[in-house]
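Undergrad: Have a look at the structure that comes next, please.
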Amino acid sequence: MCYTNEMTEETSEMTDKTAPKPWEQQPGEPPKWYTRFGIYLGLGPTRTPTAAYRIWTNGSGKLSRTASKRAKEWRWEERGIAWDKAGREEKAAFETAREAEARERNLHLNTKIFEAVSSVFDAADLFNLSKEEARAYLPSLRGFLRTASDLQRRERQALRASDHFSANDGWPELDPEIEKILDMYADESQETD
């Protein structure tokens, strides 16, 4: 008796795994009616058996009793709803993957830009510049810093909105000493302008 129950459970598990999806041809469904069901599916979410009937008969009449009976027998409405739902889920998964890929590309690009700006600051040796040299470089450096900061801020907002990444992950911070120097020279350049 126990052996029979185990076999029944295994058989039902195999059947569940191999059962066709609702929009696929069902066991026992005649090819002629499955083809007509395909026409029905192709009409989209506002589909009706009558509209499908008119297409396959090239007519404008009402749905025949036979066609109505077959549509109910093969659960066209239920299968059409499952088809639409699967399509929406597939589209949502695709869009989510595309957005994640775009965020990754942006994160990589923005990190490279930020690192390049940091390298410019390091190479400029800001601590050893005269005030005149620093003022000459200041507009360009401020532009780089502003661009990098804007990119960083926008990406952090996108990451927070996606809930995929921590807003603090992967971003180098600008040296506070460099920020002080930029602020100091910015104040002086505004006084002389």
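Please note that chains go A, B, ... in the order of the structure tokens, that every chain numbers its residues from 1, and that ligands are numbered from 1 in the order shown.
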Set the distance at 8 Å and use only C-alpha atoms: which residues neighbour Ile81 in chain A once local chain neighbours fewer than 4 positions away are removed? I'd like the list as a PyMOL selection string.

TA: chain A and resi 45+77+85

Undergrad: Counting only C-alpha atoms, what is within 7 Å of range 141-152 of chain A, bar same-chain residues fewer than 5 positions away, as a list of chain:residue names?

TA: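 Non-adjacent residues within range: A:Asn110, A:Ile113, A:Phe114, A:Val117.
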
Undergrad: Include N, CA and C atoms and write out the residues we just selected as a JSON list (two decimals), in the first residue's frame.

TA:
[["chain", "number", "residue", "atom", "x", "y", "z"],
["A", 110, "ASN", "N", 30.44, 56.33, -14.04],
["A", 110, "ASN", "CA", 30.54, 57.41, -13.05],
["A", 110, "ASN", "C", 31.72, 57.21, -12.11],
["A", 113, "ILE", "N", 34.80, 58.30, -14.00],
["A", 113, "ILE", "CA", 34.88, 59.75, -14.07],
["A", 113, "ILE", "C", 35.34, 60.32, -12.74],
["A", 114, "PHE", "N", 34.76, 59.82, -11.66],
["A", 114, "PHE", "CA", 35.11, 60.30, -10.33],
["A", 114, "PHE", "C", 36.58, 60.01, -10.02],
["A", 117, "VAL", "N", 38.73, 62.46, -11.96],
["A", 117, "VAL", "CA", 38.73, 63.77, -11.31],
["A", 117, "VAL", "C", 39.65, 63.74, -10.09]]

Undergrad: Which of range 8-172 of chain A end up as alpha helix (DSSP H) when DSSP is run on this backbone - answer as a PyMOL selection string?

TA: chain A and resi 8-18+31-42+49-57+65-73+76-124+131-162

Undergrad: Kindly give the distance, in Å, that separates CA of Ser119 in chain A and CA of Arg103 in chain A, rounded to a single decimal.

TA: 23.8 Å

Undergrad: Determine, counting only C-alpha atoms, which protein, DNA and RNA residues have an atom within 12 Å of an atom of Ala82 in chain A; residues of the same chain fewer than 5 positions away are not included. Present the result as a PyMOL selection string.

TA: chain A and resi 21-24+41+44-45+75-77+87-89

Undergrad: Filtering to all heavy atoms, could you give me those residues as a compact mmCIF listing (two decimals), in the first residue's frame?

TA:
# COMPACT_ATOMS: atom_id res chain seq x y z
N LYS A 21 1.97 24.51 -20.58
CA LYS A 21 1.52 25.82 -20.10
C LYS A 21 0.12 26.06 -20.68
O LYS A 21 -0.22 25.51 -21.72
CB LYS A 21 2.50 26.88 -20.55
CG LYS A 21 3.85 26.75 -19.87
CD LYS A 21 4.78 27.85 -20.29
CE LYS A 21 6.01 27.89 -19.45
NZ LYS A 21 7.06 26.98 -19.79
N PRO A 22 -0.68 26.87 -20.02
CA PRO A 22 -2.07 27.05 -20.47
C PRO A 22 -2.19 27.49 -21.93
O PRO A 22 -3.18 27.16 -22.59
CB PRO A 22 -2.62 28.12 -19.53
CG PRO A 22 -1.77 28.05 -18.32
CD PRO A 22 -0.41 27.60 -18.79
N TRP A 23 -1.26 28.23 -22.45
CA TRP A 23 -1.36 28.72 -23.83
C TRP A 23 -0.80 27.73 -24.84
O TRP A 23 -0.91 27.92 -26.03
CB TRP A 23 -0.66 30.08 -23.98
CG TRP A 23 0.73 30.07 -23.46
CD1 TRP A 23 1.86 29.74 -24.15
CD2 TRP A 23 1.15 30.40 -22.15
NE1 TRP A 23 2.95 29.83 -23.33
CE2 TRP A 23 2.54 30.25 -22.09
CE3 TRP A 23 0.48 30.82 -21.00
CZ2 TRP A 23 3.28 30.49 -20.94
CZ3 TRP A 23 1.22 31.06 -19.85
CH2 TRP A 23 2.60 30.90 -19.84
N GLU A 24 -0.20 26.64 -24.36
CA GLU A 24 0.29 25.59 -25.26
C GLU A 24 -0.85 24.62 -25.55
O GLU A 24 -1.86 24.59 -24.85
CB GLU A 24 1.46 24.86 -24.61
CG GLU A 24 2.69 25.74 -24.42
CD GLU A 24 3.81 25.07 -23.66
OE1 GLU A 24 3.57 24.00 -23.04
OE2 GLU A 24 4.92 25.61 -23.67
N LEU A 41 -5.62 34.15 -29.25
CA LEU A 41 -4.55 34.77 -28.44
C LEU A 41 -3.97 36.00 -29.13
O LEU A 41 -3.68 37.01 -28.49
CB LEU A 41 -3.41 33.78 -28.19
CG LEU A 41 -3.57 32.76 -27.10
CD1 LEU A 41 -2.31 31.91 -26.98
CD2 LEU A 41 -3.91 33.40 -25.77
N GLY A 44 -4.96 39.83 -28.59
CA GLY A 44 -4.59 40.66 -27.45
C GLY A 44 -5.61 40.63 -26.33
O GLY A 44 -6.60 39.90 -26.39
N PRO A 45 -5.36 41.43 -25.29
CA PRO A 45 -6.19 41.39 -24.07
C PRO A 45 -7.67 41.70 -24.28
O PRO A 45 -8.49 41.32 -23.47
CB PRO A 45 -5.55 42.45 -23.16
CG PRO A 45 -4.16 42.59 -23.67
CD PRO A 45 -4.22 42.32 -25.14
N ARG A 75 -11.28 26.20 -22.51
CA ARG A 75 -11.00 27.27 -21.54
C ARG A 75 -10.18 28.42 -22.17
O ARG A 75 -9.18 28.86 -21.62
CB ARG A 75 -10.26 26.71 -20.32
CG ARG A 75 -10.95 25.59 -19.63
CD ARG A 75 -10.17 24.97 -18.46
NE ARG A 75 -8.75 25.17 -18.39
CZ ARG A 75 -7.82 24.40 -18.97
NH1 ARG A 75 -8.16 23.36 -19.69
NH2 ARG A 75 -6.53 24.67 -18.83
N TRP A 76 -10.64 28.90 -23.30
CA TRP A 76 -9.91 29.95 -24.00
C TRP A 76 -9.74 31.20 -23.15
O TRP A 76 -8.67 31.79 -23.13
CB TRP A 76 -10.64 30.32 -25.30
CG TRP A 76 -10.43 29.34 -26.42
CD1 TRP A 76 -9.91 28.09 -26.34
CD2 TRP A 76 -10.77 29.55 -27.78
NE1 TRP A 76 -9.90 27.50 -27.57
CE2 TRP A 76 -10.42 28.38 -28.48
CE3 TRP A 76 -11.35 30.59 -28.48
CZ2 TRP A 76 -10.62 28.23 -29.86
CZ3 TRP A 76 -11.54 30.46 -29.83
CH2 TRP A 76 -11.17 29.29 -30.52
N GLU A 77 -10.80 31.61 -22.48
CA GLU A 77 -10.69 32.84 -21.68
C GLU A 77 -9.63 32.69 -20.60
O GLU A 77 -8.75 33.54 -20.45
CB GLU A 77 -12.04 33.20 -21.07
CG GLU A 77 -12.01 34.51 -20.30
CD GLU A 77 -13.36 34.91 -19.74
OE1 GLU A 77 -14.36 34.22 -19.96
OE2 GLU A 77 -13.40 35.96 -19.06
N GLY A 87 3.00 37.22 -20.31
CA GLY A 87 3.62 38.26 -21.13
C GLY A 87 4.01 39.48 -20.31
O GLY A 87 5.09 40.05 -20.49
N ARG A 88 3.12 39.88 -19.41
CA ARG A 88 3.42 41.03 -18.54
C ARG A 88 4.61 40.72 -17.63
O ARG A 88 5.49 41.56 -17.44
CB ARG A 88 2.20 41.41 -17.71
CG ARG A 88 1.11 42.12 -18.48
CD ARG A 88 0.02 42.68 -17.56
NE ARG A 88 -0.58 41.69 -16.70
CZ ARG A 88 -1.63 40.93 -17.02
NH1 ARG A 88 -2.20 41.06 -18.20
NH2 ARG A 88 -2.12 40.07 -16.16
N GLU A 89 4.63 39.51 -17.07
CA GLU A 89 5.73 39.13 -16.18
C GLU A 89 7.05 39.08 -16.94
O GLU A 89 8.08 39.52 -16.44
CB GLU A 89 5.43 37.78 -15.52
CG GLU A 89 4.34 37.86 -14.48
CD GLU A 89 3.88 36.49 -13.98
OE1 GLU A 89 4.34 35.45 -14.51
OE2 GLU A 89 3.05 36.47 -13.05
